[in-house]
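Visitor: protein_21.txt is the file, holding compact mmCIF, C-alpha atoms and all ligand atoms:
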```
# COMPACT_ATOMS: atom_id res chain seq x y z
CA MET A 1 28.64 -45.95 62.64
CA SER A 2 28.32 -43.34 65.36
CA LYS A 3 25.23 -41.15 65.63
CA HIS A 4 25.07 -37.52 64.53
CA LYS A 5 22.33 -35.18 65.61
CA LEU A 6 21.04 -32.98 62.79
CA GLU A 7 21.07 -29.48 64.28
CA SER A 8 20.09 -27.46 61.24
CA ILE A 9 19.12 -27.96 57.62
CA GLN A 10 19.51 -25.21 55.05
CA LEU A 11 17.90 -25.12 51.62
CA ARG A 12 19.05 -22.76 48.88
CA LEU A 13 17.50 -22.31 45.48
CA ILE A 14 20.31 -21.25 43.19
CA LYS A 15 20.57 -20.23 39.56
CA MET A 16 23.73 -20.70 37.53
CA PRO A 17 24.24 -19.50 33.96
CA LEU A 18 25.19 -22.40 31.66
CA LYS A 19 28.10 -21.80 29.27
CA HIS A 20 26.11 -23.32 26.41
CA PRO A 21 22.32 -23.69 26.29
CA PHE A 22 21.45 -27.40 26.62
CA GLN A 23 18.73 -28.60 24.23
CA THR A 24 17.04 -31.99 24.38
CA SER A 25 13.99 -33.44 22.67
CA PHE A 26 11.87 -31.83 25.41
CA GLY A 27 13.21 -28.34 25.83
CA ILE A 28 16.11 -25.97 26.13
CA GLU A 29 17.92 -24.90 29.30
CA LYS A 30 19.94 -21.66 29.36
CA ASP A 31 20.40 -21.34 33.13
CA ARG A 32 20.34 -24.12 35.57
CA GLN A 33 18.38 -23.89 38.78
CA CYS A 34 18.76 -26.43 41.54
CA ILE A 35 18.45 -26.71 45.30
CA ILE A 36 21.56 -27.01 47.42
CA VAL A 37 20.97 -28.70 50.77
CA SER A 38 23.34 -28.33 53.70
CA LEU A 39 23.20 -30.05 57.07
CA GLN A 40 24.92 -29.10 60.30
CA SER A 41 26.00 -31.54 62.98
CA SER A 42 28.65 -31.00 65.71
CA GLY A 43 30.70 -28.59 63.64
CA LEU A 44 30.48 -30.63 60.43
CA THR A 45 28.61 -29.59 57.28
CA GLY A 46 27.17 -32.07 54.78
CA TRP A 47 26.30 -30.89 51.27
CA GLY A 48 23.87 -32.28 48.72
CA GLU A 49 22.36 -31.19 45.42
CA CYS A 50 18.74 -31.72 44.43
CA VAL A 51 18.66 -31.97 40.62
CA ALA A 52 15.00 -31.12 40.03
CA SER A 53 14.96 -28.62 37.19
CA GLN A 54 13.06 -25.66 35.87
CA PHE A 55 12.83 -26.42 32.14
CA GLY A 56 10.88 -23.63 30.51
CA ALA A 57 8.78 -22.81 33.57
CA GLY A 58 6.65 -19.74 32.97
CA ALA A 59 6.74 -20.13 29.19
CA GLY A 60 3.87 -21.57 27.16
CA PRO A 61 2.77 -25.21 27.38
CA GLU A 62 4.87 -26.05 24.32
CA HIS A 63 7.88 -25.63 26.63
CA TRP A 64 6.45 -27.64 29.48
CA ALA A 65 7.83 -31.07 28.77
CA PHE A 66 10.06 -32.16 31.61
CA TYR A 67 12.59 -34.91 32.21
CA SER A 68 10.58 -35.61 35.35
CA TYR A 69 7.51 -34.21 37.12
CA GLU A 70 9.74 -32.78 39.81
CA THR A 71 10.56 -29.08 39.63
CA THR A 72 12.55 -26.90 41.98
CA GLY A 73 9.13 -25.83 43.31
CA THR A 74 7.86 -29.32 44.13
CA ALA A 75 11.22 -30.32 45.56
CA TRP A 76 11.35 -27.20 47.74
CA HIS A 77 7.93 -28.08 49.12
CA ILE A 78 8.83 -31.71 49.82
CA LEU A 79 12.18 -30.81 51.37
CA LYS A 80 10.88 -27.95 53.50
CA ASP A 81 7.51 -29.36 54.56
CA PHE A 82 8.18 -33.13 54.76
CA LEU A 83 11.81 -34.25 54.72
CA ALA A 84 13.48 -31.51 56.77
CA PRO A 85 10.85 -31.63 59.58
CA ALA A 86 11.13 -35.45 59.63
CA LEU A 87 14.91 -35.35 59.98
CA ILE A 88 15.67 -32.26 62.06
CA GLY A 89 16.94 -33.11 65.54
CA LYS A 90 17.25 -36.81 64.66
CA GLU A 91 20.33 -38.86 65.49
CA ILE A 92 21.54 -40.04 62.09
CA ASP A 93 23.73 -43.10 61.74
CA SER A 94 22.91 -44.25 58.21
CA PRO A 95 21.68 -42.77 54.92
CA SER A 96 19.06 -45.54 54.99
CA MET A 97 17.04 -43.27 57.31
CA VAL A 98 16.41 -41.04 54.30
CA ALA A 99 15.85 -44.02 52.01
CA ASP A 100 13.11 -45.18 54.42
CA LEU A 101 11.42 -41.78 54.19
CA HIS A 102 11.61 -42.00 50.40
CA ALA A 103 9.78 -45.34 50.55
CA ARG A 104 6.99 -43.69 52.60
CA LEU A 105 6.74 -40.65 50.31
CA ARG A 106 5.97 -42.55 47.10
CA GLY A 107 7.73 -40.37 44.58
CA HIS A 108 9.77 -37.17 44.74
CA PRO A 109 13.06 -39.03 44.26
CA MET A 110 15.04 -35.90 43.45
CA ALA A 111 13.98 -34.17 46.66
CA CYS A 112 14.98 -37.26 48.66
CA ALA A 113 18.26 -37.70 46.80
CA GLY A 114 19.28 -34.08 47.53
CA ILE A 115 18.99 -34.42 51.29
CA GLU A 116 20.29 -37.99 51.31
CA ALA A 117 23.48 -36.88 49.53
CA ALA A 118 24.05 -34.32 52.29
CA VAL A 119 23.64 -37.10 54.88
CA TRP A 120 26.20 -39.28 53.04
CA ASP A 121 28.65 -36.36 52.92
CA LEU A 122 28.16 -35.67 56.63
CA LEU A 123 28.61 -39.31 57.65
CA ALA A 124 31.69 -39.79 55.46
CA LYS A 125 33.21 -36.61 56.94
CA ALA A 126 32.45 -37.87 60.44
CA GLU A 127 34.26 -41.11 59.60
CA GLY A 128 37.09 -39.13 58.00
CA ILE A 129 36.85 -41.05 54.71
CA PRO A 130 35.98 -40.12 51.10
CA LEU A 131 32.38 -40.78 50.06
CA ALA A 132 33.57 -43.38 47.53
CA ASP A 133 35.07 -45.39 50.42
CA LEU A 134 31.88 -45.13 52.44
CA LEU A 135 29.92 -46.41 49.42
CA HIS A 136 32.31 -49.39 49.17
CA ALA A 137 32.45 -50.10 52.93
CA GLY A 138 31.17 -53.55 53.91
CA GLN A 139 29.85 -54.31 50.42
CA GLY A 140 32.26 -57.17 49.70
CA TYR A 141 33.11 -56.08 46.16
CA ASP A 142 35.91 -58.06 44.50
CA SER A 143 37.81 -55.14 43.02
CA PRO A 144 39.54 -52.32 44.91
CA ARG A 145 38.07 -48.81 44.78
CA PRO A 146 39.52 -46.96 41.75
CA ASP A 147 40.97 -43.45 42.11
CA ARG A 148 39.42 -42.16 38.88
CA VAL A 149 36.33 -42.85 36.82
CA SER A 150 35.73 -42.96 33.10
CA THR A 151 33.64 -40.11 31.72
CA GLY A 152 32.13 -38.69 28.54
CA VAL A 153 30.20 -35.72 27.34
CA SER A 154 26.53 -35.34 26.45
CA ILE A 155 25.94 -32.95 23.55
CA GLY A 156 22.54 -31.31 23.22
CA ILE A 157 20.65 -30.74 19.97
CA GLN A 158 22.61 -28.18 17.94
CA PRO A 159 21.47 -25.70 15.27
CA SER A 160 23.05 -27.85 12.51
CA ILE A 161 24.92 -31.07 11.79
CA GLU A 162 28.02 -28.98 11.00
CA ALA A 163 27.78 -27.34 14.44
CA THR A 164 27.49 -30.78 16.04
CA LEU A 165 30.59 -32.03 14.23
CA GLN A 166 32.48 -28.99 15.46
CA ARG A 167 31.38 -29.60 19.05
CA ILE A 168 32.44 -33.24 18.84
CA ALA A 169 35.82 -32.25 17.40
CA ALA A 170 36.33 -29.71 20.20
CA PHE A 171 35.38 -32.15 22.96
CA THR A 172 37.46 -35.02 21.59
CA GLU A 173 40.44 -32.65 21.31
CA GLU A 174 39.90 -31.72 24.96
CA GLY A 175 40.26 -35.42 25.73
CA TYR A 176 36.70 -36.75 25.99
CA GLY A 177 36.75 -40.34 24.77
CA ARG A 178 33.02 -40.98 24.61
CA ILE A 179 30.29 -38.80 23.13
CA LYS A 180 26.54 -38.94 23.69
CA LEU A 181 24.25 -37.14 21.26
CA LYS A 182 20.70 -36.09 21.95
CA ILE A 183 18.37 -37.13 19.13
CA LYS A 184 14.73 -36.69 18.13
CA PRO A 185 12.67 -37.45 15.01
CA GLY A 186 14.22 -35.50 12.13
CA TRP A 187 17.52 -35.20 14.03
CA ASP A 188 18.83 -38.74 13.99
CA ILE A 189 19.93 -40.85 10.99
CA ASP A 190 21.51 -38.05 8.93
CA LEU A 191 23.21 -36.71 12.03
CA VAL A 192 24.68 -40.06 13.09
CA SER A 193 25.69 -40.87 9.54
CA ALA A 194 27.62 -37.58 9.27
CA VAL A 195 29.25 -38.15 12.66
CA ARG A 196 30.33 -41.66 11.69
CA ALA A 197 31.83 -40.35 8.44
CA ASP A 198 34.11 -38.01 10.40
CA PHE A 199 34.59 -40.13 13.54
CA PRO A 200 34.39 -43.79 12.47
CA ASP A 201 35.76 -45.28 15.69
CA LEU A 202 34.53 -42.83 18.31
CA PRO A 203 32.68 -44.50 21.22
CA LEU A 204 29.26 -43.02 20.51
CA MET A 205 25.81 -43.32 22.05
CA LEU A 206 22.44 -41.62 21.60
CA ASP A 207 19.78 -40.35 23.99
CA ALA A 208 16.24 -39.78 22.70
CA ASN A 209 14.61 -38.74 25.98
CA SER A 210 11.38 -40.53 24.95
CA ALA A 211 11.00 -38.79 21.58
CA TYR A 212 9.86 -41.91 19.63
CA THR A 213 7.06 -44.47 19.66
CA LEU A 214 7.05 -48.16 18.82
CA ALA A 215 5.72 -47.19 15.37
CA ASP A 216 9.22 -45.79 14.71
CA ALA A 217 10.86 -49.24 15.09
CA GLU A 218 11.67 -49.59 11.38
CA HIS A 219 13.22 -46.16 11.35
CA LEU A 220 15.25 -46.76 14.52
CA LYS A 221 16.51 -50.05 13.06
CA LYS A 222 18.57 -47.97 10.62
CA LEU A 223 20.74 -46.97 13.58
CA ASP A 224 22.04 -50.54 13.83
CA THR A 225 24.61 -49.96 11.10
CA PHE A 226 26.49 -47.28 13.07
CA ASN A 227 28.15 -49.36 15.76
CA LEU A 228 26.58 -47.45 18.64
CA MET A 229 27.25 -48.29 22.29
CA MET A 230 23.54 -47.91 23.05
CA ILE A 231 20.40 -45.89 22.47
CA GLU A 232 19.03 -44.38 25.65
CA GLN A 233 15.31 -44.08 26.41
CA PRO A 234 13.85 -44.14 22.88
CA LEU A 235 10.21 -44.68 24.01
CA ALA A 236 7.84 -43.28 26.61
CA HIS A 237 9.17 -42.09 29.96
CA ASP A 238 6.89 -44.50 31.85
CA ASP A 239 7.19 -47.52 29.57
CA ILE A 240 9.08 -50.76 30.06
CA PHE A 241 6.95 -53.20 28.03
CA GLN A 242 7.27 -51.59 24.61
CA HIS A 243 11.00 -51.14 25.02
CA ALA A 244 11.22 -54.95 25.09
CA LYS A 245 9.29 -55.08 21.81
CA LEU A 246 11.66 -52.54 20.33
CA GLN A 247 14.78 -54.28 21.67
CA ALA A 248 13.63 -57.49 19.96
CA GLN A 249 13.92 -55.64 16.64
CA LEU A 250 17.19 -53.78 17.31
CA ASP A 251 20.78 -54.96 17.57
CA THR A 252 21.80 -51.72 19.27
CA PRO A 253 21.45 -52.19 23.05
CA ILE A 254 18.68 -50.18 24.67
CA CYS A 255 19.60 -48.29 27.83
CA LEU A 256 16.80 -47.07 30.08
CA ASP A 257 16.93 -43.78 31.95
CA GLU A 258 13.52 -42.13 32.61
CA SER A 259 11.61 -45.45 32.98
CA ILE A 260 13.62 -46.92 35.85
CA HIS A 261 13.08 -45.57 39.38
CA SER A 262 13.43 -48.67 41.51
CA LEU A 263 15.17 -52.00 41.93
CA ASP A 264 11.95 -53.80 40.94
CA GLN A 265 11.66 -51.85 37.72
CA ALA A 266 15.30 -52.61 36.90
CA ALA A 267 14.66 -56.31 37.50
CA TRP A 268 11.57 -56.29 35.26
CA ALA A 269 13.42 -54.48 32.49
CA TYR A 270 16.28 -56.99 32.55
CA GLU A 271 13.93 -59.97 32.74
CA ILE A 272 11.97 -59.04 29.63
CA ASP A 273 15.03 -57.62 27.80
CA ALA A 274 13.65 -54.09 27.71
CA ALA A 275 17.08 -52.79 28.73
CA ARG A 276 20.54 -54.30 28.43
CA ILE A 277 22.04 -51.30 30.23
CA ILE A 278 20.65 -48.88 32.83
CA ASN A 279 21.73 -45.32 33.45
CA ILE A 280 21.55 -45.22 37.26
CA LYS A 281 21.61 -41.57 38.31
CA PRO A 282 20.94 -40.86 41.99
CA GLY A 283 18.35 -38.09 41.50
CA ARG A 284 16.00 -40.31 39.52
CA VAL A 285 16.12 -43.25 41.93
CA GLY A 286 15.86 -41.35 45.24
CA GLY A 287 19.51 -41.23 46.20
CA LEU A 288 22.79 -43.06 46.47
CA TRP A 289 21.40 -45.76 48.78
CA ASN A 290 18.89 -46.93 46.22
CA ALA A 291 21.35 -46.35 43.37
CA ARG A 292 23.83 -48.68 45.08
CA ARG A 293 21.17 -51.37 45.56
CA MET A 294 20.25 -51.15 41.89
CA HIS A 295 23.94 -51.25 40.99
CA ASP A 296 24.51 -54.36 43.13
CA PHE A 297 21.60 -56.11 41.43
CA SER A 298 22.88 -55.11 37.98
CA LEU A 299 26.37 -56.33 38.85
CA LYS A 300 24.98 -59.72 39.91
CA SER A 301 22.86 -59.85 36.76
CA GLY A 302 25.85 -59.11 34.53
CA LYS A 303 24.33 -55.86 33.23
CA PRO A 304 26.64 -52.87 32.84
CA VAL A 305 25.52 -49.55 34.29
CA TRP A 306 26.71 -45.95 34.10
CA CYS A 307 25.93 -42.68 35.81
CA GLY A 308 23.94 -40.08 33.92
CA GLY A 309 24.10 -36.40 34.70
CA MET A 310 21.65 -33.58 35.26
CA LEU A 311 24.08 -30.73 34.51
CA GLU A 312 25.10 -30.81 38.18
CA THR A 313 27.21 -28.25 39.96
CA GLY A 314 30.40 -29.55 41.53
CA ILE A 315 28.43 -30.70 44.58
CA GLY A 316 26.22 -33.11 42.65
CA ARG A 317 29.08 -34.04 40.35
CA ALA A 318 31.24 -35.11 43.31
CA ALA A 319 28.47 -37.49 44.47
CA ASN A 320 28.07 -38.89 40.94
CA LEU A 321 31.82 -39.50 40.72
CA ALA A 322 31.83 -41.39 44.02
CA LEU A 323 28.88 -43.53 42.87
CA SER A 324 30.64 -44.23 39.57
CA SER A 325 33.55 -45.78 41.47
CA LEU A 326 31.39 -48.85 42.24
CA PRO A 327 32.58 -51.90 40.26
CA GLY A 328 29.45 -52.32 38.10
CA TYR A 329 29.76 -48.79 36.74
CA THR A 330 31.81 -50.07 33.82
CA LEU A 331 30.58 -47.64 31.15
CA PRO A 332 31.69 -43.98 30.97
CA GLY A 333 29.26 -41.60 32.69
CA ASP A 334 27.83 -38.23 31.68
CA ILE A 335 30.17 -36.61 34.16
CA SER A 336 32.18 -33.94 32.42
CA ALA A 337 34.61 -31.42 33.88
CA SER A 338 33.22 -28.29 35.55
CA ASP A 339 34.19 -26.08 32.60
CA ARG A 340 31.97 -28.06 30.21
CA TYR A 341 28.95 -26.54 32.00
CA TYR A 342 29.93 -23.45 33.96
CA GLU A 343 32.35 -20.53 33.75
CA GLU A 344 32.62 -20.75 37.51
CA ASP A 345 31.71 -23.83 39.50
CA ILE A 346 30.63 -23.50 43.13
CA ILE A 347 33.45 -25.74 44.32
CA ASP A 348 37.14 -25.14 44.57
CA PRO A 349 39.12 -26.47 42.81
CA PRO A 350 36.78 -27.27 39.88
CA PHE A 351 36.74 -30.79 38.38
CA THR A 352 39.10 -31.21 35.46
CA LEU A 353 39.51 -33.92 32.83
CA ASN A 354 42.53 -36.26 32.82
CA ALA A 355 44.22 -37.12 29.53
CA ASP A 356 42.61 -40.60 29.56
CA SER A 357 39.03 -39.22 29.62
CA THR A 358 38.70 -39.85 33.34
CA ILE A 359 38.04 -37.58 36.29
CA SER A 360 39.93 -38.22 39.53
CA LEU A 361 37.99 -38.82 42.71
CA PRO A 362 38.62 -36.25 45.43
CA THR A 363 40.75 -37.59 48.27
CA ASP A 364 39.43 -35.43 51.13
CA PRO A 365 36.69 -36.82 53.42
CA GLY A 366 33.07 -36.82 52.27
CA LEU A 367 32.37 -35.33 48.86
CA GLY A 368 35.92 -34.01 49.12
CA VAL A 369 35.13 -30.62 47.60
CA LYS A 370 35.37 -27.17 49.12
CA VAL A 371 32.16 -25.21 48.57
CA ARG A 372 32.65 -21.56 47.57
CA GLU A 373 30.14 -20.20 50.06
CA LYS A 374 30.50 -16.57 48.98
CA LEU A 375 29.75 -17.42 45.36
CA LEU A 376 26.92 -19.68 46.50
CA GLU A 377 25.40 -16.75 48.38
CA GLU A 378 25.59 -14.59 45.22
CA LEU A 379 23.80 -17.26 43.18
CA THR A 380 21.06 -17.80 45.77
CA LEU A 381 17.50 -16.81 44.79
CA GLU A 382 15.88 -18.05 47.99
CA LYS A 383 16.97 -19.72 51.21
CA THR A 384 15.46 -21.12 54.35
CA THR A 385 16.86 -22.75 57.47
CA ILE A 386 15.12 -25.39 59.57
CA THR A 387 16.44 -25.76 63.11
CA THR A 388 15.59 -27.82 66.17
O1 LIG B 401 18.60 -37.58 29.81
O2 LIG B 401 20.54 -37.86 30.56
C1 LIG B 401 19.57 -37.11 30.36
C2 LIG B 401 20.42 -33.49 31.27
C3 LIG B 401 19.25 -33.10 31.89
C4 LIG B 401 18.20 -33.99 31.96
C5 LIG B 401 18.32 -35.27 31.43
C6 LIG B 401 19.52 -35.68 30.83
C7 LIG B 401 20.57 -34.75 30.73
C8 LIG B 401 21.83 -35.03 30.08
C9 LIG B 401 23.02 -34.20 30.50
O3 LIG B 401 21.97 -35.84 29.18
C10 LIG B 401 24.13 -34.98 31.05
C11 LIG B 401 25.14 -34.13 31.77
O4 LIG B 401 24.92 -33.75 32.94
O5 LIG B 401 26.19 -33.85 31.17
MG MG B 402 19.00 -39.69 29.47
```
If you convert what's in this file into structure tokens, what do you get?
Guide:
Amino acid sequence: MSKHKLESIQLRLIKMPLKHPFQTSFGIEKDRQCIIVSLQSSGLTGWGECVASQFGAGAGPEHWAFYSYETTGTAWHILKDFLAPALIGKEIDSPSMVADLHARLRGHPMACAGIEAAVWDLLAKAEGIPLADLLHAGQGYDSPRPDRVSTGVSIGIQPSIEATLQRIAAFTEEGYGRIKLKIKPGWDIDLVSAVRADFPDLPLMLDANSAYTLADAEHLKKLDTFNLMMIEQPLAHDDIFQHAKLQAQLDTPICLDESIHSLDQAAWAYEIDAARIINIKPGRVGGLWNARRMHDFSLKSGKPVWCGGMLETGIGRAANLALSSLPGYTLPGDISASDRYYEEDIIDPPFTLNADSTISLPTDPGLGVKVREKLLEELTLEKTTITT
């Protein structure tokens, strides 16, 4: 691949109102803040989204539980003071240059993934090919690159079971073929039982976001009767060992999300049967480079993977779609259409759902989306530019 000198790097903290507040076992999000990274090189612009969030910042400690320790504040610091200075003026010929920096940083995967995505977009645009093709290039996969990927919708904790049933009915009518429900203690068995009564055959999975402990094993075992695709991250965010103990007692496959940040951790989880499935989302693992390595290992190990979401704007969504085109991504991802999250997405045209519960991959080079720069400017809370 030819080399591309990074002439400038721009960071923008943006805030977008969500159409529906998103509640999980650890908090509620009404607006979504994220950092949009853009890179300039010889007339080309690469875009990336850093998915570090701002759950409940400023509110009392009872609102402080996070999906990850990264916030827009920590990511801004790492991007501005470490990653951008390390990359500005450099001749880039591979996203692995960012992956190498991630290895040195020890942590901050979301910050790294945001700038790495922009590098992937830039390089794919320079080659004149869609990001999905760049991700496939030279990998020797058996199957051709698909033109659409299978998706589903993740439904947050609702005010009532009735409200949940209504949301499921609305989403399935829109064409979503797979539903994920957020659960927590006191919002689990009765909920799933009511859902199964109304939707006996619906492909259904649960996400606990670490709301349980191993002491809840007997209780969680009751979920085995509901023919669930998987239960995601039932136990602690940093645990692998106890998930294996839980899996030994459950028929429902365990999927890990929060616990898995690296290829080694994925290998350990598979080896001890702590996870039969992994949700490989780029933000959590430091970017698409690492996500692809973890995917390749999972594919060889015969373990299905899927791509989780972080309520991304169209920029992050486009990267997730490209990643989901890899052959081991055989399960539907949490990648819904733009209008599931936002009245107005920052890309044009927005992503829409096909009748078969898929979303089509863009065909233009790179991420293949046109960023609405005027709207982006209106949503910007803070910006900074790093130049040579
Ligand atoms: O655990 O998968 C998760 C959103 C924010 C943080 C963590 C998670 C989620 C989701 C939303 O489940 C998925 C989506 O983007 O639709
Ligand atoms: Mg999850």
Visitor: Please compute the CA of Asp334 in chain A-CA of Lys80 in chain A distance, one decimal, in Å.
Guide: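 Going from CA of Asp334 in chain A over to CA of Lys80 in chain A, I get 29.5 Å.
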Visitor: Do you have the CA of Glu91 in chain A-CA of Ala318 in chain A distance handy?
Guide: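 A separation of 25.0 Å between them.
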Visitor: Determine the nearest neighbour of ligand MG 402 (chain B) from the options A:Gly314, A:Gly156, A:Gly177, A:Pro349, counting only C-alpha atoms and all ligand atoms.
Guide: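 Going through A:Gly314, A:Gly156, A:Gly177, A:Pro349 one by one, the smallest distance to ligand MG 402 (chain B) is for A:Gly156.
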Visitor: Please, which residues in chain A fall within 9 Å of ligand LIG 401 (chain B) when counting all atoms listed in the file, and what is the closest atom pair and distance in Å to one decimal for each, ordered by chain then residue number, as JSON lines?
Guide:
```
{"residue": "A:Phe22", "atom": "CA", "partner": "B:LIG401", "partner_atom": "C2", "distance": 7.7}
{"residue": "A:Gln23", "atom": "CA", "partner": "B:LIG401", "partner_atom": "C2", "distance": 8.7}
{"residue": "A:Thr24", "atom": "CA", "partner": "B:LIG401", "partner_atom": "C7", "distance": 7.8}
{"residue": "A:Glu29", "atom": "CA", "partner": "B:LIG401", "partner_atom": "C3", "distance": 8.7}
{"residue": "A:Val51", "atom": "CA", "partner": "B:LIG401", "partner_atom": "C3", "distance": 8.8}
{"residue": "A:Ser53", "atom": "CA", "partner": "B:LIG401", "partner_atom": "C3", "distance": 8.2}
{"residue": "A:Phe66", "atom": "CA", "partner": "B:LIG401", "partner_atom": "C4", "distance": 8.4}
{"residue": "A:Tyr67", "atom": "CA", "partner": "B:LIG401", "partner_atom": "C4", "distance": 5.7}
{"residue": "A:Ser68", "atom": "CA", "partner": "B:LIG401", "partner_atom": "C4", "distance": 8.5}
{"residue": "A:Gly152", "atom": "CA", "partner": "B:LIG401", "partner_atom": "O5", "distance": 8.1}
{"residue": "A:Val153", "atom": "CA", "partner": "B:LIG401", "partner_atom": "O5", "distance": 5.9}
{"residue": "A:Ser154", "atom": "CA", "partner": "B:LIG401", "partner_atom": "O5", "distance": 5.0}
{"residue": "A:Ile155", "atom": "CA", "partner": "B:LIG401", "partner_atom": "O3", "distance": 7.5}
{"residue": "A:Gly156", "atom": "CA", "partner": "B:LIG401", "partner_atom": "O3", "distance": 7.5}
{"residue": "A:Lys180", "atom": "CA", "partner": "B:LIG401", "partner_atom": "O3", "distance": 7.8}
{"residue": "A:Leu181", "atom": "CA", "partner": "B:LIG401", "partner_atom": "O3", "distance": 8.3}
{"residue": "A:Lys182", "atom": "CA", "partner": "B:LIG401", "partner_atom": "O3", "distance": 7.3}
{"residue": "A:Asp207", "atom": "CA", "partner": "B:LIG401", "partner_atom": "O1", "distance": 6.6}
{"residue": "A:Ala208", "atom": "CA", "partner": "B:LIG401", "partner_atom": "O1", "distance": 7.8}
{"residue": "A:Asn209", "atom": "CA", "partner": "B:LIG401", "partner_atom": "O1", "distance": 5.7}
{"residue": "A:Glu232", "atom": "CA", "partner": "B:LIG401", "partner_atom": "O1", "distance": 8.0}
{"residue": "A:Gln233", "atom": "CA", "partner": "B:LIG401", "partner_atom": "O1", "distance": 8.0}
{"residue": "A:Asp257", "atom": "CA", "partner": "B:LIG401", "partner_atom": "O1", "distance": 6.8}
{"residue": "A:Glu258", "atom": "CA", "partner": "B:LIG401", "partner_atom": "O1", "distance": 7.4}
{"residue": "A:Asn279", "atom": "CA", "partner": "B:LIG401", "partner_atom": "O2", "distance": 8.1}
{"residue": "A:Lys281", "atom": "CA", "partner": "B:LIG401", "partner_atom": "O2", "distance": 8.7}
{"residue": "A:Cys307", "atom": "CA", "partner": "B:LIG401", "partner_atom": "O2", "distance": 8.9}
{"residue": "A:Gly308", "atom": "CA", "partner": "B:LIG401", "partner_atom": "O2", "distance": 5.3}
{"residue": "A:Gly309", "atom": "CA", "partner": "B:LIG401", "partner_atom": "O4", "distance": 3.3}
{"residue": "A:Met310", "atom": "CA", "partner": "B:LIG401", "partner_atom": "O4", "distance": 4.0}
{"residue": "A:Leu311", "atom": "CA", "partner": "B:LIG401", "partner_atom": "O4", "distance": 3.5}
{"residue": "A:Glu312", "atom": "CA", "partner": "B:LIG401", "partner_atom": "O4", "distance": 6.0}
{"residue": "A:Arg317", "atom": "CA", "partner": "B:LIG401", "partner_atom": "O4", "distance": 8.5}
{"residue": "A:Gly333", "atom": "CA", "partner": "B:LIG401", "partner_atom": "O5", "distance": 8.5}
{"residue": "A:Asp334", "atom": "CA", "partner": "B:LIG401", "partner_atom": "O5", "distance": 4.7}
{"residue": "A:Ile335", "atom": "CA", "partner": "B:LIG401", "partner_atom": "O5", "distance": 5.7}
{"residue": "A:Ser336", "atom": "CA", "partner": "B:LIG401", "partner_atom": "O5", "distance": 6.1}
{"residue": "A:Arg340", "atom": "CA", "partner": "B:LIG401", "partner_atom": "O5", "distance": 8.2}
{"residue": "A:Tyr341", "atom": "CA", "partner": "B:LIG401", "partner_atom": "O5", "distance": 7.9}
```
Visitor: Give the answer as one residue: which of A:Pro159, A:Pro234, A:Pro304, A:Gly316 has the shortest atom-to-atom distance to ligand MG 402 (chain B), using all atoms listed in the file?
Guide: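 So, comparing all the options, the nearest one is A:Pro234.
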Visitor: Find the residues near Ile254 in chain A: any atom within 7 Å, counting all atoms listed in the file, skip ones fewer than 5 places away on the same chain, and give them as JSON, numbers by chain.
Guide: {"A": [230, 231, 232, 247, 275, 276, 277]}
Visitor: Given all atoms listed in the file as the basis, pick out the residue of A:Ile347, A:Ile359, A:Leu256, A:Leu323 nearest to ligand MG 402 (chain B).
Guide: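 Among A:Ile347, A:Ile359, A:Leu256, A:Leu323, it is A:Leu256 that comes nearest to ligand MG 402 (chain B).
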Visitor: Applying 10 Å and only C-alpha atoms, which residues near Gly46 in chain A remain after dropping the ones on its own chain fewer than 5 positions away? List them as a PDB file with C-alpha atoms, keeping the file's coordinate frame.
Guide:
```
ATOM      1  CA  ILE A   9      19.120 -27.960  57.620  1.00  0.00           C
ATOM      2  CA  VAL A  37      20.970 -28.700  50.770  1.00  0.00           C
ATOM      3  CA  SER A  38      23.340 -28.330  53.700  1.00  0.00           C
ATOM      4  CA  LEU A  39      23.200 -30.050  57.070  1.00  0.00           C
ATOM      5  CA  GLN A  40      24.920 -29.100  60.300  1.00  0.00           C
ATOM      6  CA  SER A  41      26.000 -31.540  62.980  1.00  0.00           C
ATOM      7  CA  ILE A 115      18.990 -34.420  51.290  1.00  0.00           C
ATOM      8  CA  GLU A 116      20.290 -37.990  51.310  1.00  0.00           C
ATOM      9  CA  ALA A 117      23.480 -36.880  49.530  1.00  0.00           C
ATOM     10  CA  ALA A 118      24.050 -34.320  52.290  1.00  0.00           C
ATOM     11  CA  VAL A 119      23.640 -37.100  54.880  1.00  0.00           C
ATOM     12  CA  TRP A 120      26.200 -39.280  53.040  1.00  0.00           C
ATOM     13  CA  ASP A 121      28.650 -36.360  52.920  1.00  0.00           C
ATOM     14  CA  LEU A 122      28.160 -35.670  56.630  1.00  0.00           C
ATOM     15  CA  LEU A 123      28.610 -39.310  57.650  1.00  0.00           C
ATOM     16  CA  ALA A 124      31.690 -39.790  55.460  1.00  0.00           C
ATOM     17  CA  LYS A 125      33.210 -36.610  56.940  1.00  0.00           C
ATOM     18  CA  ALA A 126      32.450 -37.870  60.440  1.00  0.00           C
ATOM     19  CA  GLY A 366      33.070 -36.820  52.270  1.00  0.00           C
ATOM     20  CA  LEU A 367      32.370 -35.330  48.860  1.00  0.00           C
TER      21      LEU A 367
END
```
Visitor: Do a neighbour search on Met97 in chain A at 10 Å with all atoms listed in the file, toss out local chain neighbours closer than 3 positions, and write the hits as an mmCIF file with C-alpha atoms, keeping the file's coordinate frame.
Guide:
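Result saved to result-v4.cif:
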```cif
data_model
loop_
_atom_site.group_PDB
_atom_site.id
_atom_site.type_symbol
_atom_site.label_atom_id
_atom_site.label_comp_id
_atom_site.auth_asym_id
_atom_site.auth_seq_id
_atom_site.Cartn_x
_atom_site.Cartn_y
_atom_site.Cartn_z
ATOM 1 C CA LEU A 87 14.910 -35.350 59.980
ATOM 2 C CA LYS A 90 17.250 -36.810 64.660
ATOM 3 C CA GLU A 91 20.330 -38.860 65.490
ATOM 4 C CA ILE A 92 21.540 -40.040 62.090
ATOM 5 C CA ASP A 93 23.730 -43.100 61.740
ATOM 6 C CA SER A 94 22.910 -44.250 58.210
ATOM 7 C CA ASP A 100 13.110 -45.180 54.420
ATOM 8 C CA LEU A 101 11.420 -41.780 54.190
ATOM 9 C CA HIS A 102 11.610 -42.000 50.400
ATOM 10 C CA GLU A 116 20.290 -37.990 51.310
ATOM 11 C CA VAL A 119 23.640 -37.100 54.880
ATOM 12 C CA TRP A 289 21.400 -45.760 48.780
#
```
